[in-house]
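Trainee: Below is a structure I'd like to ask you about.
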Amino acid sequence: MNLPEETGQMLQMLRAEQKYSVHCIVSDISLSFVAETLQSVGVSVSLTHDAREVDDFLESSQSLLLQLGSLTELKEAGMMTAIDAVRRGGKPWVLDPRLAHRSIFRAELARRLADNRPKVICGKPRDLVSVRRSVRNTGLQDFATVMKTTLVSIGPEDEIVGPLRSATVRNHSNLMDNIVAVDCAVSALCAAFCAVELDGFKAACGALLVARIAGERAGRTARGTGSFPAAFLDELWTLTPEDIVASANIDTRTNPNI
């Protein structure tokens, strides 16, 4: 079975079970769009960042997304509490180091969080570079190997890199680049797919295929950045495994030995 077919199975599992929940601590501007994106693939979501209740919400969640969006001391405390909870529970989590390249504090927080073994780190190339510590000047494969994680480098062509395998997803719509919350929604889908797939590389590939195929299809009918978000959610809601297999534009390869 190839990745597009496996992606269809993962999407069906999320929808059919109707039991998966992702807890997200994200930028304030992304809250609504992230929730609607996850609900469009059959996943419920919780969004609190208050350290006094994060533990309770994570008890009934299957995975976690931490995005360094609009940071505050309260959010930082909530993130550290969330990390403790997922480590105790052995649950997968995803790090989105948004704008880590813009401040020293943000980059150091991203590194501290990344030391806690996220299954996937998903972000723009400059932000991924800022997360690196001892492997700062090496390539993505070396970084993924040292950190024992899967890296998703967001761009017109998304690169998914694990210690053993890599992939390029070429499905895309330029309109996706002009909606602030879209990248966070992609990271949230990575967290959702990690709830049903133990292999972080496969989960990330599945999430990126679903997001980018839906975005590509939405881009054909949307008139601009105002109508695109609604069209994107509609495409997520109606996307079928057959659509994924027919539309997937992904190349996979085995990594050379380091």
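Convention: chains lettered A, B, ... in structure tokens order; per-chain residue numbering from 1; ligands numbered from 1 as shown.
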With DSSP run on the backbone, what are the alpha helix (DSSP H) residues within range 17-201 of chain A? I'd like them as a VMD selection string.

Mentor: chain A and resid 17 31 to 40 54 to 59 73 to 89 104 to 114 125 to 131 140 to 147 182 to 194 200 to 201

Trainee: Using only C-alpha atoms, please write the residues we just selected to a file, as a PDB file, in the first residue's frame.

Mentor:
ATOM      1  CA  GLU A  17     -14.264   6.670  15.061  1.00  0.00           C
ATOM      2  CA  LEU A  31      -7.901  29.509  17.239  1.00  0.00           C
ATOM      3  CA  SER A  32     -11.109  29.459  15.211  1.00  0.00           C
ATOM      4  CA  PHE A  33      -9.580  28.246  11.944  1.00  0.00           C
ATOM      5  CA  VAL A  34      -7.653  25.455  13.680  1.00  0.00           C
ATOM      6  CA  ALA A  35     -10.822  24.258  15.423  1.00  0.00           C
ATOM      7  CA  GLU A  36     -12.842  24.307  12.197  1.00  0.00           C
ATOM      8  CA  THR A  37     -10.073  22.519  10.287  1.00  0.00           C
ATOM      9  CA  LEU A  38      -9.917  19.666  12.787  1.00  0.00           C
ATOM     10  CA  GLN A  39     -13.683  19.370  12.980  1.00  0.00           C
ATOM     11  CA  SER A  40     -13.785  19.130   9.181  1.00  0.00           C
ATOM     12  CA  VAL A  54      -4.308  21.816  30.689  1.00  0.00           C
ATOM     13  CA  ASP A  55      -3.709  18.493  32.500  1.00  0.00           C
ATOM     14  CA  ASP A  56      -7.423  17.755  32.632  1.00  0.00           C
ATOM     15  CA  PHE A  57      -7.973  18.498  28.956  1.00  0.00           C
ATOM     16  CA  LEU A  58      -5.013  16.370  27.898  1.00  0.00           C
ATOM     17  CA  GLU A  59      -6.391  13.379  29.794  1.00  0.00           C
ATOM     18  CA  GLU A  73       4.008  34.027  30.231  1.00  0.00           C
ATOM     19  CA  LEU A  74       0.695  32.229  30.793  1.00  0.00           C
ATOM     20  CA  LYS A  75       1.008  30.395  27.481  1.00  0.00           C
ATOM     21  CA  GLU A  76       4.577  29.411  28.196  1.00  0.00           C
ATOM     22  CA  ALA A  77       3.504  27.973  31.554  1.00  0.00           C
ATOM     23  CA  GLY A  78       0.646  26.131  29.857  1.00  0.00           C
ATOM     24  CA  MET A  79       3.027  24.688  27.261  1.00  0.00           C
ATOM     25  CA  MET A  80       5.428  23.365  29.887  1.00  0.00           C
ATOM     26  CA  THR A  81       2.516  21.825  31.797  1.00  0.00           C
ATOM     27  CA  ALA A  82       1.276  20.238  28.565  1.00  0.00           C
ATOM     28  CA  ILE A  83       4.724  18.768  27.853  1.00  0.00           C
ATOM     29  CA  ASP A  84       4.801  17.163  31.294  1.00  0.00           C
ATOM     30  CA  ALA A  85       1.336  15.708  30.712  1.00  0.00           C
ATOM     31  CA  VAL A  86       2.070  14.154  27.309  1.00  0.00           C
ATOM     32  CA  ARG A  87       5.358  12.711  28.546  1.00  0.00           C
ATOM     33  CA  ARG A  88       3.590  11.074  31.476  1.00  0.00           C
ATOM     34  CA  GLY A  89       0.840   9.770  29.221  1.00  0.00           C
ATOM     35  CA  ILE A 104      16.341  34.914  20.832  1.00  0.00           C
ATOM     36  CA  PHE A 105      13.790  34.092  23.534  1.00  0.00           C
ATOM     37  CA  ARG A 106      11.446  32.392  21.091  1.00  0.00           C
ATOM     38  CA  ALA A 107      14.266  30.331  19.542  1.00  0.00           C
ATOM     39  CA  GLU A 108      15.462  29.166  22.954  1.00  0.00           C
ATOM     40  CA  LEU A 109      11.920  28.217  24.001  1.00  0.00           C
ATOM     41  CA  ALA A 110      11.556  26.251  20.766  1.00  0.00           C
ATOM     42  CA  ARG A 111      14.791  24.389  21.529  1.00  0.00           C
ATOM     43  CA  ARG A 112      13.692  23.580  25.086  1.00  0.00           C
ATOM     44  CA  LEU A 113      10.396  22.235  23.799  1.00  0.00           C
ATOM     45  CA  ALA A 114      12.084  20.270  21.003  1.00  0.00           C
ATOM     46  CA  PRO A 125      12.601  26.679   6.832  1.00  0.00           C
ATOM     47  CA  ARG A 126      14.004  29.648   8.803  1.00  0.00           C
ATOM     48  CA  ASP A 127      12.153  28.562  11.929  1.00  0.00           C
ATOM     49  CA  LEU A 128      13.386  24.977  11.653  1.00  0.00           C
ATOM     50  CA  VAL A 129      16.946  26.301  11.442  1.00  0.00           C
ATOM     51  CA  SER A 130      16.374  28.257  14.666  1.00  0.00           C
ATOM     52  CA  VAL A 131      15.334  25.104  16.534  1.00  0.00           C
ATOM     53  CA  LEU A 140      17.371  18.332   7.721  1.00  0.00           C
ATOM     54  CA  GLN A 141      18.110  14.611   7.648  1.00  0.00           C
ATOM     55  CA  ASP A 142      20.921  14.940  10.192  1.00  0.00           C
ATOM     56  CA  PHE A 143      18.657  17.085  12.370  1.00  0.00           C
ATOM     57  CA  ALA A 144      15.792  14.568  12.142  1.00  0.00           C
ATOM     58  CA  THR A 145      18.155  11.727  13.024  1.00  0.00           C
ATOM     59  CA  VAL A 146      19.697  13.450  16.030  1.00  0.00           C
ATOM     60  CA  MET A 147      16.298  14.593  17.339  1.00  0.00           C
ATOM     61  CA  VAL A 182      -3.260  28.026   7.330  1.00  0.00           C
ATOM     62  CA  ASP A 183       0.218  26.931   8.467  1.00  0.00           C
ATOM     63  CA  CYS A 184      -1.096  26.410  11.993  1.00  0.00           C
ATOM     64  CA  ALA A 185      -4.005  24.391  10.602  1.00  0.00           C
ATOM     65  CA  VAL A 186      -1.512  22.190   8.739  1.00  0.00           C
ATOM     66  CA  SER A 187       0.380  21.598  11.989  1.00  0.00           C
ATOM     67  CA  ALA A 188      -2.908  20.753  13.725  1.00  0.00           C
ATOM     68  CA  LEU A 189      -3.641  18.158  11.042  1.00  0.00           C
ATOM     69  CA  CYS A 190      -0.205  16.649  11.702  1.00  0.00           C
ATOM     70  CA  ALA A 191      -1.186  16.280  15.361  1.00  0.00           C
ATOM     71  CA  ALA A 192      -4.520  14.703  14.369  1.00  0.00           C
ATOM     72  CA  PHE A 193      -2.874  12.169  12.087  1.00  0.00           C
ATOM     73  CA  CYS A 194      -0.330  11.343  14.815  1.00  0.00           C
ATOM     74  CA  GLY A 200       5.515  10.219  12.539  1.00  0.00           C
ATOM     75  CA  PHE A 201       6.735  10.265   8.943  1.00  0.00           C
TER      76      PHE A 201
END

Trainee: Which polymer residues have any atom within 7 Å of an atom of Val22 in chain A, counting only C-alpha atoms, with same-chain residues fewer than 3 positions away left out, as an MDAnalysis selection string?

Mentor: chainID A and resid 44:46 61:64 191:192

Trainee: Any chance you can output those residues with C-alpha atoms as a PDB file, in the first residue's frame?

Mentor:
ATOM      1  CA  SER A  44     -12.699  17.417  18.219  1.00  0.00           C
ATOM      2  CA  VAL A  45     -10.428  20.060  19.680  1.00  0.00           C
ATOM      3  CA  SER A  46      -9.673  21.801  22.968  1.00  0.00           C
ATOM      4  CA  SER A  61      -7.003  14.118  24.198  1.00  0.00           C
ATOM      5  CA  GLN A  62      -5.023  11.754  22.005  1.00  0.00           C
ATOM      6  CA  SER A  63      -2.377  14.234  20.837  1.00  0.00           C
ATOM      7  CA  LEU A  64      -1.069  17.763  21.327  1.00  0.00           C
ATOM      8  CA  ALA A 191      -1.186  16.280  15.361  1.00  0.00           C
ATOM      9  CA  ALA A 192      -4.520  14.703  14.369  1.00  0.00           C
TER      10      ALA A 192
END

Trainee: Find the distance between CA of Ser30 in chain A and CA of Asn116 in chain A and write it in Å to one decimal.

Mentor: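 Here the two named atoms are 24.0 Å from each other.
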
Trainee: Once you count only C-alpha atoms, what closest atom pair and distance in Å to one decimal does each residue of range 203-248 of chain A within 9 Å of range 150-156 of chain A have, with rows by chain and rising residue number, as JSON lines?

Mentor:
{"residue": "A:Ala204", "atom": "CA", "partner": "A:Val152", "partner_atom": "CA", "distance": 7.3}
{"residue": "A:Cys205", "atom": "CA", "partner": "A:Val152", "partner_atom": "CA", "distance": 8.8}
{"residue": "A:Leu208", "atom": "CA", "partner": "A:Val152", "partner_atom": "CA", "distance": 8.8}

Trainee: Can I get the selection written as a PDB file, in the first residue's frame, with N, CA, C and O atoms?

Mentor:
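See selection-v1.pdb below for the written result:
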ATOM      1  N   ALA A 204       2.803  12.641   9.137  1.00  0.00           N
ATOM      2  CA  ALA A 204       3.062  13.959   8.557  1.00  0.00           C
ATOM      3  C   ALA A 204       2.747  13.979   7.067  1.00  0.00           C
ATOM      4  O   ALA A 204       2.137  14.925   6.560  1.00  0.00           O
ATOM      5  N   CYS A 205       3.141  12.931   6.352  1.00  0.00           N
ATOM      6  CA  CYS A 205       2.827  12.851   4.919  1.00  0.00           C
ATOM      7  C   CYS A 205       1.318  12.854   4.694  1.00  0.00           C
ATOM      8  O   CYS A 205       0.814  13.542   3.799  1.00  0.00           O
ATOM      9  N   LEU A 208      -0.089  16.407   5.368  1.00  0.00           N
ATOM     10  CA  LEU A 208       0.254  17.365   4.317  1.00  0.00           C
ATOM     11  C   LEU A 208      -0.505  17.068   3.031  1.00  0.00           C
ATOM     12  O   LEU A 208      -0.957  17.989   2.336  1.00  0.00           O
TER      13      LEU A 208
END

Trainee: Pick out the closest residue to Arg98 in chain A from this set: A:Arg117, A:Ser27, A:Val245, A:Glu159. Count only C-alpha atoms.

Mentor: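 Looking only at the distances to Arg98 in chain A, the closest residue turns out to be A:Ser27.
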
Trainee: Quick one: of A:Arg15, A:Arg132, A:His23, A:Arg52, who's nearest to Trp93 in chain A, counting only C-alpha atoms?

Mentor: A:His23

Trainee: Between A:Ile250, A:Val41, A:Leu209, A:Leu236, which one has atoms that come closest to Thr168 in chain A, using only C-alpha atoms?

Mentor: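 Going through A:Ile250, A:Val41, A:Leu209, A:Leu236 one by one, the smallest distance to Thr168 in chain A is for A:Ile250.
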
Trainee: How many Å separate CA of Gln18 in chain A from CA of Ala218 in chain A?

Mentor: 24.7 Å
